[in-house]
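Everything below belongs to entry_11.cif, which stores mmCIF, N, CA and C atoms and all ligand atoms.
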data_target
#
loop_
_atom_site.label_atom_id
_atom_site.label_comp_id
_atom_site.auth_asym_id
_atom_site.auth_seq_id
_atom_site.Cartn_x
_atom_site.Cartn_y
_atom_site.Cartn_z
N MET A 12 17.56 9.59 -13.80
CA MET A 12 17.15 8.20 -14.06
C MET A 12 17.25 7.92 -15.55
N ASN A 13 17.97 6.88 -15.93
CA ASN A 13 18.10 6.59 -17.36
C ASN A 13 16.86 5.86 -17.89
N ALA A 14 16.79 5.72 -19.20
CA ALA A 14 15.57 5.20 -19.82
C ALA A 14 15.26 3.77 -19.37
N GLU A 15 16.32 2.99 -19.18
CA GLU A 15 16.11 1.60 -18.78
C GLU A 15 15.45 1.51 -17.40
N LEU A 16 15.99 2.32 -16.49
CA LEU A 16 15.44 2.33 -15.14
C LEU A 16 14.02 2.87 -15.15
N ASP A 17 13.81 3.86 -15.99
CA ASP A 17 12.49 4.43 -16.12
C ASP A 17 11.48 3.36 -16.52
N GLU A 18 11.92 2.50 -17.42
CA GLU A 18 11.06 1.43 -17.90
C GLU A 18 10.77 0.42 -16.78
N LEU A 19 11.82 0.09 -16.05
CA LEU A 19 11.66 -0.84 -14.93
C LEU A 19 10.68 -0.27 -13.91
N TYR A 20 10.88 0.98 -13.61
CA TYR A 20 10.03 1.69 -12.66
C TYR A 20 8.57 1.58 -13.08
N GLN A 21 8.33 1.87 -14.34
CA GLN A 21 6.97 1.82 -14.85
C GLN A 21 6.40 0.42 -14.82
N HIS A 22 7.26 -0.55 -15.18
CA HIS A 22 6.81 -1.93 -15.22
C HIS A 22 6.37 -2.39 -13.83
N VAL A 23 7.21 -2.13 -12.84
CA VAL A 23 6.89 -2.59 -11.49
C VAL A 23 5.67 -1.86 -10.94
N LEU A 24 5.62 -0.56 -11.18
CA LEU A 24 4.46 0.20 -10.71
C LEU A 24 3.17 -0.30 -11.34
N LEU A 25 3.22 -0.53 -12.63
CA LEU A 25 2.01 -1.01 -13.32
C LEU A 25 1.63 -2.40 -12.83
N ASP A 26 2.64 -3.24 -12.63
CA ASP A 26 2.37 -4.59 -12.14
C ASP A 26 1.66 -4.54 -10.79
N HIS A 27 2.15 -3.71 -9.89
CA HIS A 27 1.54 -3.63 -8.56
C HIS A 27 0.17 -2.95 -8.61
N SER A 28 0.00 -1.99 -9.50
CA SER A 28 -1.31 -1.33 -9.53
C SER A 28 -2.36 -2.22 -10.20
N LYS A 29 -1.91 -3.07 -11.13
CA LYS A 29 -2.87 -3.97 -11.79
C LYS A 29 -3.12 -5.24 -10.98
N ARG A 30 -2.08 -5.73 -10.31
CA ARG A 30 -2.22 -6.96 -9.51
C ARG A 30 -1.77 -6.65 -8.08
N PRO A 31 -2.58 -5.88 -7.36
CA PRO A 31 -2.15 -5.48 -6.01
C PRO A 31 -2.02 -6.69 -5.09
N ARG A 32 -0.96 -6.65 -4.26
CA ARG A 32 -0.72 -7.72 -3.29
C ARG A 32 -1.46 -7.41 -1.99
N ASN A 33 -1.84 -8.47 -1.29
CA ASN A 33 -2.51 -8.31 0.01
C ASN A 33 -3.71 -7.37 -0.09
N TYR A 34 -4.52 -7.63 -1.09
CA TYR A 34 -5.68 -6.77 -1.35
C TYR A 34 -6.93 -7.39 -0.73
N GLY A 35 -7.65 -6.61 0.05
CA GLY A 35 -8.89 -7.07 0.67
C GLY A 35 -8.85 -6.84 2.15
N PRO A 36 -10.02 -6.68 2.76
CA PRO A 36 -10.06 -6.38 4.19
C PRO A 36 -9.61 -7.56 5.05
N LEU A 37 -9.11 -7.26 6.24
CA LEU A 37 -8.82 -8.29 7.23
C LEU A 37 -10.01 -8.39 8.18
N ALA A 38 -10.02 -9.46 8.96
CA ALA A 38 -11.14 -9.72 9.87
C ALA A 38 -11.31 -8.60 10.89
N GLU A 39 -12.50 -8.55 11.42
CA GLU A 39 -12.79 -7.58 12.47
C GLU A 39 -11.82 -7.75 13.63
N GLY A 40 -11.54 -6.66 14.30
CA GLY A 40 -10.62 -6.73 15.41
C GLY A 40 -9.22 -6.28 15.02
N SER A 41 -8.94 -6.20 13.72
CA SER A 41 -7.65 -5.68 13.31
C SER A 41 -7.69 -4.15 13.32
N LEU A 42 -6.53 -3.57 13.35
CA LEU A 42 -6.43 -2.11 13.30
C LEU A 42 -6.80 -1.66 11.89
N HIS A 43 -7.46 -0.52 11.80
CA HIS A 43 -7.99 -0.11 10.51
C HIS A 43 -7.93 1.41 10.39
N ALA A 44 -7.63 1.89 9.21
CA ALA A 44 -7.70 3.33 8.96
C ALA A 44 -7.90 3.55 7.47
N GLU A 45 -8.42 4.70 7.16
CA GLU A 45 -8.56 5.03 5.75
C GLU A 45 -7.93 6.38 5.45
N GLY A 46 -7.59 6.55 4.20
CA GLY A 46 -6.98 7.81 3.79
C GLY A 46 -7.57 8.25 2.46
N TYR A 47 -7.59 9.54 2.27
CA TYR A 47 -8.13 10.11 1.05
C TYR A 47 -7.22 11.24 0.61
N ASN A 48 -6.90 11.25 -0.65
CA ASN A 48 -6.04 12.29 -1.21
C ASN A 48 -6.86 13.13 -2.17
N PRO A 49 -7.43 14.24 -1.69
CA PRO A 49 -8.36 15.01 -2.52
C PRO A 49 -7.73 15.59 -3.77
N SER A 50 -6.42 15.83 -3.75
CA SER A 50 -5.81 16.47 -4.92
C SER A 50 -5.77 15.53 -6.12
N CYS A 51 -5.89 14.22 -5.86
CA CYS A 51 -5.83 13.25 -6.97
C CYS A 51 -7.06 12.35 -6.99
N GLY A 52 -7.79 12.31 -5.87
CA GLY A 52 -8.96 11.44 -5.79
C GLY A 52 -8.65 10.03 -5.33
N ASP A 53 -7.43 9.79 -4.83
CA ASP A 53 -7.04 8.44 -4.39
C ASP A 53 -7.67 8.11 -3.04
N GLU A 54 -8.07 6.85 -2.90
CA GLU A 54 -8.60 6.35 -1.63
C GLU A 54 -7.89 5.06 -1.27
N VAL A 55 -7.57 4.90 -0.01
CA VAL A 55 -7.09 3.60 0.47
C VAL A 55 -7.67 3.32 1.85
N GLU A 56 -7.88 2.05 2.11
CA GLU A 56 -8.17 1.59 3.45
C GLU A 56 -7.10 0.57 3.79
N VAL A 57 -6.64 0.61 5.02
CA VAL A 57 -5.57 -0.28 5.46
C VAL A 57 -6.00 -1.02 6.72
N TRP A 58 -5.69 -2.30 6.74
CA TRP A 58 -5.94 -3.12 7.91
C TRP A 58 -4.63 -3.72 8.39
N VAL A 59 -4.44 -3.74 9.71
CA VAL A 59 -3.21 -4.28 10.28
C VAL A 59 -3.56 -5.24 11.39
N LYS A 60 -2.94 -6.41 11.36
CA LYS A 60 -3.10 -7.37 12.45
C LYS A 60 -1.75 -7.56 13.12
N LEU A 61 -1.71 -7.29 14.41
CA LEU A 61 -0.47 -7.49 15.16
C LEU A 61 -0.47 -8.89 15.75
N GLY A 62 0.67 -9.55 15.69
CA GLY A 62 0.80 -10.89 16.24
C GLY A 62 1.07 -10.83 17.74
N PRO A 63 1.09 -11.99 18.39
CA PRO A 63 1.35 -12.05 19.83
C PRO A 63 2.71 -11.48 20.20
N ASP A 64 3.65 -11.48 19.26
CA ASP A 64 4.98 -10.92 19.52
C ASP A 64 5.03 -9.40 19.29
N GLY A 65 3.87 -8.82 18.94
CA GLY A 65 3.82 -7.38 18.73
C GLY A 65 4.22 -6.95 17.34
N LYS A 66 4.63 -7.90 16.51
CA LYS A 66 5.02 -7.56 15.14
C LYS A 66 3.79 -7.57 14.22
N ILE A 67 3.93 -6.91 13.09
CA ILE A 67 2.86 -6.87 12.11
C ILE A 67 2.75 -8.24 11.45
N GLU A 68 1.66 -8.93 11.77
CA GLU A 68 1.48 -10.29 11.27
C GLU A 68 0.85 -10.27 9.88
N ALA A 69 -0.06 -9.32 9.67
CA ALA A 69 -0.70 -9.18 8.36
C ALA A 69 -1.03 -7.71 8.15
N VAL A 70 -0.91 -7.30 6.90
CA VAL A 70 -1.33 -5.94 6.55
C VAL A 70 -1.93 -6.00 5.16
N ASN A 71 -3.15 -5.52 5.05
CA ASN A 71 -3.90 -5.56 3.79
C ASN A 71 -4.43 -4.18 3.46
N PHE A 72 -4.82 -4.02 2.20
CA PHE A 72 -5.44 -2.75 1.83
C PHE A 72 -6.49 -2.96 0.75
N THR A 73 -7.35 -1.98 0.62
CA THR A 73 -8.20 -1.85 -0.56
C THR A 73 -8.11 -0.39 -0.98
N GLY A 74 -8.48 -0.11 -2.20
CA GLY A 74 -8.46 1.28 -2.61
C GLY A 74 -8.69 1.45 -4.08
N GLN A 75 -8.73 2.71 -4.45
CA GLN A 75 -8.81 3.04 -5.87
C GLN A 75 -8.14 4.39 -6.06
N GLY A 76 -7.63 4.57 -7.26
CA GLY A 76 -6.96 5.83 -7.53
C GLY A 76 -5.86 5.62 -8.54
N CYS A 77 -4.92 6.53 -8.57
CA CYS A 77 -3.88 6.48 -9.60
C CYS A 77 -2.92 5.32 -9.35
N ALA A 78 -2.16 4.98 -10.35
CA ALA A 78 -1.23 3.85 -10.29
C ALA A 78 -0.22 4.02 -9.17
N ILE A 79 0.26 5.24 -8.96
CA ILE A 79 1.27 5.45 -7.91
C ILE A 79 0.69 5.15 -6.54
N SER A 80 -0.53 5.63 -6.29
CA SER A 80 -1.13 5.42 -4.96
C SER A 80 -1.38 3.94 -4.70
N GLN A 81 -1.85 3.23 -5.70
CA GLN A 81 -2.20 1.83 -5.50
C GLN A 81 -0.95 0.94 -5.47
N ALA A 82 0.02 1.24 -6.31
CA ALA A 82 1.26 0.46 -6.30
C ALA A 82 2.02 0.70 -5.00
N SER A 83 1.98 1.92 -4.51
CA SER A 83 2.65 2.23 -3.25
C SER A 83 2.00 1.46 -2.10
N ALA A 84 0.67 1.38 -2.12
CA ALA A 84 -0.05 0.63 -1.07
C ALA A 84 0.33 -0.85 -1.13
N SER A 85 0.38 -1.38 -2.34
CA SER A 85 0.70 -2.80 -2.51
C SER A 85 2.11 -3.09 -1.98
N LEU A 86 3.07 -2.26 -2.36
CA LEU A 86 4.45 -2.46 -1.89
C LEU A 86 4.57 -2.22 -0.39
N MET A 87 3.79 -1.29 0.12
CA MET A 87 3.81 -1.02 1.56
C MET A 87 3.45 -2.28 2.34
N THR A 88 2.43 -3.01 1.86
CA THR A 88 2.02 -4.22 2.59
C THR A 88 3.14 -5.25 2.59
N LEU A 89 3.88 -5.33 1.48
CA LEU A 89 4.96 -6.32 1.39
C LEU A 89 6.13 -5.94 2.29
N LYS A 90 6.39 -4.64 2.39
CA LYS A 90 7.60 -4.19 3.09
C LYS A 90 7.41 -4.07 4.60
N THR A 91 6.17 -4.02 5.07
CA THR A 91 5.97 -3.79 6.51
C THR A 91 5.60 -5.05 7.27
N ARG A 92 5.16 -6.07 6.58
CA ARG A 92 4.80 -7.30 7.28
C ARG A 92 6.04 -7.90 7.93
N GLY A 93 5.86 -8.36 9.18
CA GLY A 93 6.97 -8.96 9.91
C GLY A 93 7.80 -7.96 10.69
N ARG A 94 7.49 -6.68 10.53
CA ARG A 94 8.22 -5.65 11.28
C ARG A 94 7.41 -5.25 12.52
N THR A 95 8.08 -4.64 13.47
CA THR A 95 7.36 -4.04 14.58
C THR A 95 6.75 -2.73 14.07
N PRO A 96 5.70 -2.23 14.77
CA PRO A 96 5.14 -0.94 14.38
C PRO A 96 6.21 0.17 14.34
N GLN A 97 7.15 0.15 15.29
CA GLN A 97 8.21 1.16 15.30
C GLN A 97 9.07 1.07 14.04
N GLU A 98 9.40 -0.16 13.65
CA GLU A 98 10.20 -0.35 12.44
C GLU A 98 9.43 0.10 11.20
N ALA A 99 8.13 -0.20 11.18
CA ALA A 99 7.30 0.20 10.04
C ALA A 99 7.24 1.72 9.93
N LEU A 100 7.13 2.40 11.07
CA LEU A 100 7.06 3.86 11.05
C LEU A 100 8.41 4.47 10.69
N ALA A 101 9.49 3.80 11.08
CA ALA A 101 10.83 4.27 10.68
C ALA A 101 10.98 4.15 9.16
N LEU A 102 10.45 3.05 8.61
CA LEU A 102 10.50 2.85 7.17
C LEU A 102 9.66 3.93 6.46
N LEU A 103 8.53 4.26 7.07
CA LEU A 103 7.70 5.35 6.54
C LEU A 103 8.53 6.62 6.42
N GLY A 104 9.31 6.92 7.47
CA GLY A 104 10.14 8.12 7.45
C GLY A 104 11.17 8.09 6.34
N ASP A 105 11.79 6.92 6.16
CA ASP A 105 12.78 6.77 5.08
C ASP A 105 12.12 6.93 3.71
N PHE A 106 10.94 6.33 3.58
CA PHE A 106 10.22 6.40 2.31
C PHE A 106 9.83 7.86 2.01
N GLN A 107 9.40 8.55 3.05
CA GLN A 107 9.04 9.96 2.86
C GLN A 107 10.24 10.78 2.41
N ASP A 108 11.40 10.51 3.03
CA ASP A 108 12.63 11.19 2.62
C ASP A 108 12.93 10.90 1.15
N LEU A 109 12.69 9.64 0.77
CA LEU A 109 12.97 9.23 -0.60
C LEU A 109 12.09 9.97 -1.61
N VAL A 110 10.78 10.02 -1.34
CA VAL A 110 9.88 10.59 -2.35
C VAL A 110 9.87 12.12 -2.35
N THR A 111 10.21 12.72 -1.21
CA THR A 111 10.27 14.17 -1.18
C THR A 111 11.64 14.68 -1.60
N GLY A 112 12.67 13.83 -1.41
CA GLY A 112 14.02 14.26 -1.72
C GLY A 112 14.59 15.20 -0.66
N ASP A 113 13.87 15.32 0.48
CA ASP A 113 14.33 16.21 1.54
C ASP A 113 15.67 15.75 2.11
N ARG A 114 15.81 14.44 2.23
CA ARG A 114 17.02 13.87 2.81
C ARG A 114 17.30 12.58 2.07
N GLU A 115 18.57 12.22 1.92
CA GLU A 115 18.88 10.96 1.28
C GLU A 115 18.75 9.84 2.30
N PRO A 116 17.81 8.94 2.12
CA PRO A 116 17.67 7.85 3.09
C PRO A 116 18.72 6.78 2.86
N GLU A 117 18.92 5.94 3.86
CA GLU A 117 19.79 4.78 3.72
C GLU A 117 19.19 3.86 2.67
N PRO A 118 19.98 3.50 1.66
CA PRO A 118 19.42 2.61 0.63
C PRO A 118 18.98 1.27 1.18
N LYS A 119 19.73 0.75 2.13
CA LYS A 119 19.38 -0.58 2.63
C LYS A 119 18.08 -0.49 3.43
N GLY A 120 17.27 -1.51 3.25
CA GLY A 120 16.00 -1.51 3.94
C GLY A 120 14.86 -1.09 3.05
N LEU A 121 15.11 -0.14 2.17
CA LEU A 121 14.03 0.32 1.30
C LEU A 121 13.76 -0.66 0.16
N GLY A 122 14.80 -1.29 -0.37
CA GLY A 122 14.61 -2.29 -1.42
C GLY A 122 13.82 -1.74 -2.60
N ASP A 123 12.75 -2.46 -2.96
CA ASP A 123 11.91 -2.08 -4.10
C ASP A 123 11.33 -0.68 -3.98
N LEU A 124 11.24 -0.21 -2.76
CA LEU A 124 10.64 1.12 -2.57
C LEU A 124 11.45 2.19 -3.29
N PHE A 125 12.70 1.88 -3.61
CA PHE A 125 13.53 2.84 -4.32
C PHE A 125 12.96 3.19 -5.69
N LEU A 126 12.08 2.32 -6.18
CA LEU A 126 11.43 2.60 -7.46
C LEU A 126 10.64 3.90 -7.43
N PHE A 127 10.27 4.33 -6.23
CA PHE A 127 9.47 5.54 -6.11
C PHE A 127 10.32 6.81 -6.05
N GLN A 128 11.61 6.65 -6.20
CA GLN A 128 12.50 7.81 -6.15
C GLN A 128 12.10 8.85 -7.19
N GLY A 129 11.58 8.38 -8.34
CA GLY A 129 11.20 9.29 -9.41
C GLY A 129 10.09 10.26 -9.02
N VAL A 130 9.36 9.92 -7.96
CA VAL A 130 8.24 10.77 -7.54
C VAL A 130 8.73 12.17 -7.13
N ARG A 131 9.98 12.24 -6.66
CA ARG A 131 10.47 13.54 -6.17
C ARG A 131 10.51 14.59 -7.28
N LYS A 132 10.50 14.13 -8.54
CA LYS A 132 10.45 15.09 -9.65
C LYS A 132 9.04 15.65 -9.85
N PHE A 133 8.08 15.05 -9.17
CA PHE A 133 6.68 15.47 -9.32
C PHE A 133 6.07 15.70 -7.94
N PRO A 134 6.34 16.85 -7.35
CA PRO A 134 5.94 17.09 -5.96
C PRO A 134 4.44 16.86 -5.71
N GLN A 135 3.62 17.09 -6.73
CA GLN A 135 2.18 16.91 -6.51
C GLN A 135 1.81 15.43 -6.36
N ARG A 136 2.75 14.52 -6.71
CA ARG A 136 2.45 13.10 -6.58
C ARG A 136 2.94 12.52 -5.25
N VAL A 137 3.59 13.33 -4.45
CA VAL A 137 4.10 12.82 -3.17
C VAL A 137 2.95 12.31 -2.31
N LYS A 138 1.83 13.02 -2.32
CA LYS A 138 0.68 12.59 -1.51
C LYS A 138 0.13 11.26 -2.00
N CYS A 139 0.21 11.03 -3.32
CA CYS A 139 -0.23 9.74 -3.87
C CYS A 139 0.62 8.61 -3.28
N ALA A 140 1.93 8.82 -3.30
CA ALA A 140 2.86 7.79 -2.85
C ALA A 140 2.77 7.58 -1.34
N MET A 141 2.46 8.64 -0.59
CA MET A 141 2.44 8.55 0.87
C MET A 141 1.10 8.09 1.44
N LEU A 142 0.06 8.09 0.61
CA LEU A 142 -1.30 7.89 1.14
C LEU A 142 -1.44 6.62 1.97
N ALA A 143 -1.02 5.49 1.42
CA ALA A 143 -1.17 4.22 2.15
C ALA A 143 -0.32 4.19 3.41
N TRP A 144 0.83 4.83 3.34
CA TRP A 144 1.72 4.88 4.52
C TRP A 144 1.11 5.72 5.63
N ARG A 145 0.45 6.81 5.24
CA ARG A 145 -0.24 7.63 6.24
C ARG A 145 -1.39 6.85 6.87
N ALA A 146 -2.09 6.08 6.04
CA ALA A 146 -3.19 5.27 6.58
C ALA A 146 -2.64 4.20 7.52
N LEU A 147 -1.51 3.60 7.15
CA LEU A 147 -0.88 2.62 8.04
C LEU A 147 -0.52 3.27 9.38
N GLU A 148 0.07 4.44 9.30
CA GLU A 148 0.44 5.18 10.51
C GLU A 148 -0.79 5.43 11.38
N SER A 149 -1.88 5.87 10.74
CA SER A 149 -3.11 6.14 11.49
C SER A 149 -3.64 4.88 12.13
N ALA A 150 -3.61 3.77 11.40
CA ALA A 150 -4.10 2.50 11.96
C ALA A 150 -3.27 2.11 13.16
N LEU A 151 -1.95 2.21 13.04
CA LEU A 151 -1.07 1.81 14.14
C LEU A 151 -1.24 2.71 15.35
N GLN A 152 -1.62 3.95 15.09
CA GLN A 152 -1.76 4.91 16.19
C GLN A 152 -3.21 5.02 16.66
N GLY A 153 -4.09 4.18 16.08
CA GLY A 153 -5.47 4.16 16.54
C GLY A 153 -6.27 5.39 16.13
N ARG A 154 -5.95 5.94 14.95
CA ARG A 154 -6.70 7.10 14.45
C ARG A 154 -7.38 6.70 13.13
N PRO A 155 -8.49 5.95 13.22
CA PRO A 155 -9.05 5.32 12.03
C PRO A 155 -9.53 6.28 10.95
N GLY A 156 -9.94 7.47 11.33
CA GLY A 156 -10.56 8.33 10.33
C GLY A 156 -9.63 9.37 9.74
N ALA A 157 -8.34 9.25 10.04
CA ALA A 157 -7.41 10.32 9.66
C ALA A 157 -7.37 10.51 8.14
N ALA A 158 -7.37 11.72 7.72
CA ALA A 158 -7.30 12.04 6.30
C ALA A 158 -5.84 12.05 5.87
N ALA A 159 -5.64 12.19 4.58
CA ALA A 159 -4.29 12.25 4.07
C ALA A 159 -3.62 13.52 4.56
N SER A 160 -2.32 13.43 4.72
CA SER A 160 -1.58 14.62 5.16
C SER A 160 -1.47 15.59 4.02
ZN ZN A 201 -2.75 9.86 -7.07
#
Can you dump the structure from the file as structure tokens?
Amino acid sequence: MNAELDELYQHVLLDHSKRPRNYGPLAEGSLHAEGYNPSCGDEVEVWVKLGPDGKIEAVNFTGQGCAISQASASLMTLKTRGRTPQEALALLGDFQDLVTGDREPEPKGLGDLFLFQGVRKFPQRVKCAMLAWRALESALQGRPGAAAS
């Protein structure tokens, strides 16, 4: 990653961690799960509301922790709204491939999430980046108390 991209990466991450999107709980009756990353102290709670068509109508979060964990949660809410749960979980898989570097994911679809590619250089931060996605997965699968992977 060149210096310019590095700067962009930092700018967007800081922007999302300072001004998180879709921040705050959703009404009762929505799917809910929380996640905790003990290695860094990050916490997130995720709420998901499915629409009558089965797609994700709203997804919100609250949390505290490092910039990566909170920016990832913020971007997760933007990227999963309007998708079916299956599509959201497929995106989770692509994102995981991206941050772990295990497999090269298809660039299309990930969009801004590509900013997290730098995380693969810091394996201990993978859990930070994945925390909100794991909580989303737990909420969609009805496992509200699931801890971070
Ligand atoms: Zn963290």
Mind dumping a table of every chain A residue within 7 Å of ligand ZN 201 (chain A), with the nearest atom pair and its distance in Å to one decimal, using all atoms listed in the file, sorted by chain and rising number, as a tab-separated table?
residue	atom	partner	partner_atom	distance
A:Ser50	C	A:ZN201	ZN	6.5
A:Cys51	CA	A:ZN201	ZN	4.6
A:Gly52	N	A:ZN201	ZN	5.7
A:Asp53	N	A:ZN201	ZN	5.2
A:Gly76	C	A:ZN201	ZN	5.5
A:Cys77	N	A:ZN201	ZN	4.2
A:Ala78	N	A:ZN201	ZN	5.9
A:Ile79	N	A:ZN201	ZN	5.8
A:Ser80	N	A:ZN201	ZN	4.8
A:Gln81	N	A:ZN201	ZN	6.8
A:Arg136	CA	A:ZN201	ZN	6.1
A:Lys138	C	A:ZN201	ZN	6.0
A:Cys139	CA	A:ZN201	ZN	4.1
A:Ala140	N	A:ZN201	ZN	6.1
May I have the residues from that selection written out with N, CA and C atoms, as a compact mmCIF listing (two decimals), keeping the file's coordinate frame?
# COMPACT_ATOMS: atom_id res chain seq x y z
N SER A 50 -6.42 15.83 -3.75
CA SER A 50 -5.81 16.47 -4.92
C SER A 50 -5.77 15.53 -6.12
N CYS A 51 -5.89 14.22 -5.86
CA CYS A 51 -5.83 13.25 -6.97
C CYS A 51 -7.06 12.35 -6.99
N GLY A 52 -7.79 12.31 -5.87
CA GLY A 52 -8.96 11.44 -5.79
C GLY A 52 -8.65 10.03 -5.33
N ASP A 53 -7.43 9.79 -4.83
CA ASP A 53 -7.04 8.44 -4.39
C ASP A 53 -7.67 8.11 -3.04
N GLY A 76 -7.63 4.57 -7.26
CA GLY A 76 -6.96 5.83 -7.53
C GLY A 76 -5.86 5.62 -8.54
N CYS A 77 -4.92 6.53 -8.57
CA CYS A 77 -3.88 6.48 -9.60
C CYS A 77 -2.92 5.32 -9.35
N ALA A 78 -2.16 4.98 -10.35
CA ALA A 78 -1.23 3.85 -10.29
C ALA A 78 -0.22 4.02 -9.17
N ILE A 79 0.26 5.24 -8.96
CA ILE A 79 1.27 5.45 -7.91
C ILE A 79 0.69 5.15 -6.54
N SER A 80 -0.53 5.63 -6.29
CA SER A 80 -1.13 5.42 -4.96
C SER A 80 -1.38 3.94 -4.70
N GLN A 81 -1.85 3.23 -5.70
CA GLN A 81 -2.20 1.83 -5.50
C GLN A 81 -0.95 0.94 -5.47
N ARG A 136 2.75 14.52 -6.71
CA ARG A 136 2.45 13.10 -6.58
C ARG A 136 2.94 12.52 -5.25
N LYS A 138 1.83 13.02 -2.32
CA LYS A 138 0.68 12.59 -1.51
C LYS A 138 0.13 11.26 -2.00
N CYS A 139 0.21 11.03 -3.32
CA CYS A 139 -0.23 9.74 -3.87
C CYS A 139 0.62 8.61 -3.28
N ALA A 140 1.93 8.82 -3.30
CA ALA A 140 2.86 7.79 -2.85
C ALA A 140 2.77 7.58 -1.34
Please list as a ChimeraX atom specification every residue within 9 Å of stretch 83-91 of chain A, counting only C-alpha atoms and excluding residues in the same chain fewer than 4 positions away.
/A:24,27-28,30-34,55,57,67,69-74,78-79,95-96,98-100,102-103,120-124,127,139-144,147
Under the rule that only C-alpha atoms are counted, which of A:Val130, A:Ala146, A:Leu151, A:Leu25 is the nearest residue to A:Glu54?
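That would be A:Ala146, the residue with the smallest distance to A:Glu54.
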Using 8 Å of padding on each side, determine the axis-aligned box around all atoms of stretch 84-103 of chain A present in the file and give its centre and edge lengths in Å to one decimal, as lines of an AutoDock Vina configuration file.
center_x = 5.5
center_y = -1.2
center_z = 6.4
size_x = 27.0
size_y = 31.6
size_z = 33.8
Using DSSP assignments from the backbone, pull out every residue in chain A that falls under strand (DSSP E or B) and give it to me as a PyMOL selection string.
chain A and resi 34+42-48+53-61+67-75
Once you have the residues from the selection above, write them out as a compact mmCIF listing (two decimals), keeping the file's coordinate frame, restricted to N, CA and C atoms.
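What landed in result.txt:
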# COMPACT_ATOMS: atom_id res chain seq x y z
N TYR A 34 -4.52 -7.63 -1.09
CA TYR A 34 -5.68 -6.77 -1.35
C TYR A 34 -6.93 -7.39 -0.73
N LEU A 42 -6.53 -3.57 13.35
CA LEU A 42 -6.43 -2.11 13.30
C LEU A 42 -6.80 -1.66 11.89
N HIS A 43 -7.46 -0.52 11.80
CA HIS A 43 -7.99 -0.11 10.51
C HIS A 43 -7.93 1.41 10.39
N ALA A 44 -7.63 1.89 9.21
CA ALA A 44 -7.70 3.33 8.96
C ALA A 44 -7.90 3.55 7.47
N GLU A 45 -8.42 4.70 7.16
CA GLU A 45 -8.56 5.03 5.75
C GLU A 45 -7.93 6.38 5.45
N GLY A 46 -7.59 6.55 4.20
CA GLY A 46 -6.98 7.81 3.79
C GLY A 46 -7.57 8.25 2.46
N TYR A 47 -7.59 9.54 2.27
CA TYR A 47 -8.13 10.11 1.05
C TYR A 47 -7.22 11.24 0.61
N ASN A 48 -6.90 11.25 -0.65
CA ASN A 48 -6.04 12.29 -1.21
C ASN A 48 -6.86 13.13 -2.17
N ASP A 53 -7.43 9.79 -4.83
CA ASP A 53 -7.04 8.44 -4.39
C ASP A 53 -7.67 8.11 -3.04
N GLU A 54 -8.07 6.85 -2.90
CA GLU A 54 -8.60 6.35 -1.63
C GLU A 54 -7.89 5.06 -1.27
N VAL A 55 -7.57 4.90 -0.01
CA VAL A 55 -7.09 3.60 0.47
C VAL A 55 -7.67 3.32 1.85
N GLU A 56 -7.88 2.05 2.11
CA GLU A 56 -8.17 1.59 3.45
C GLU A 56 -7.10 0.57 3.79
N VAL A 57 -6.64 0.61 5.02
CA VAL A 57 -5.57 -0.28 5.46
C VAL A 57 -6.00 -1.02 6.72
N TRP A 58 -5.69 -2.30 6.74
CA TRP A 58 -5.94 -3.12 7.91
C TRP A 58 -4.63 -3.72 8.39
N VAL A 59 -4.44 -3.74 9.71
CA VAL A 59 -3.21 -4.28 10.28
C VAL A 59 -3.56 -5.24 11.39
N LYS A 60 -2.94 -6.41 11.36
CA LYS A 60 -3.10 -7.37 12.45
C LYS A 60 -1.75 -7.56 13.12
N LEU A 61 -1.71 -7.29 14.41
CA LEU A 61 -0.47 -7.49 15.16
C LEU A 61 -0.47 -8.89 15.75
N ILE A 67 3.93 -6.91 13.09
CA ILE A 67 2.86 -6.87 12.11
C ILE A 67 2.75 -8.24 11.45
N GLU A 68 1.66 -8.93 11.77
CA GLU A 68 1.48 -10.29 11.27
C GLU A 68 0.85 -10.27 9.88
N ALA A 69 -0.06 -9.32 9.67
CA ALA A 69 -0.70 -9.18 8.36
C ALA A 69 -1.03 -7.71 8.15
N VAL A 70 -0.91 -7.30 6.90
CA VAL A 70 -1.33 -5.94 6.55
C VAL A 70 -1.93 -6.00 5.16
N ASN A 71 -3.15 -5.52 5.05
CA ASN A 71 -3.90 -5.56 3.79
C ASN A 71 -4.43 -4.18 3.46
N PHE A 72 -4.82 -4.02 2.20
CA PHE A 72 -5.44 -2.75 1.83
C PHE A 72 -6.49 -2.96 0.75
N THR A 73 -7.35 -1.98 0.62
CA THR A 73 -8.20 -1.85 -0.56
C THR A 73 -8.11 -0.39 -0.98
N GLY A 74 -8.48 -0.11 -2.20
CA GLY A 74 -8.46 1.28 -2.61
C GLY A 74 -8.69 1.45 -4.08
N GLN A 75 -8.73 2.71 -4.45
CA GLN A 75 -8.81 3.04 -5.87
C GLN A 75 -8.14 4.39 -6.06
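Of the listed residues (A:Glu39, A:Gly112, A:Gly46, A:Gln21), A:Gly112 comes nearest to A:Lys132; the distances count only N, CA and C atoms.
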Near-A:Ala150 list (10 Å; only C-alpha atoms; drop same-chain fewer than 2 positions) as a ChimeraX atom specification:
/A:41-45,56-60,144-148,152-157
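Proximity to A:Gly65 was assessed for A:Gly35, A:Gln97, A:Tyr47, A:Pro134 counting all atoms listed in the file; the smallest distance is recorded for A:Gln97.
From atom N of A:Asp105 back to atom C of A:Pro49, the distance works out to 23.6 Å.
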Can you measure atom CA of A:Ser149 to atom CA of A:Gly40 for me? One decimal in Å is fine.
15.4 Å
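The two atoms in question, atom CA of A:Val110 and atom CA of A:Gly93, are spaced 23.3 Å apart.
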Please extract the residues of stretch 26-145 of chain A with a backbone DSSP assignment of helix (DSSP H, G or I) and present them as a PyMOL selection string.
chain A and resi 26-29+78-91+96-111+122-132+134-145
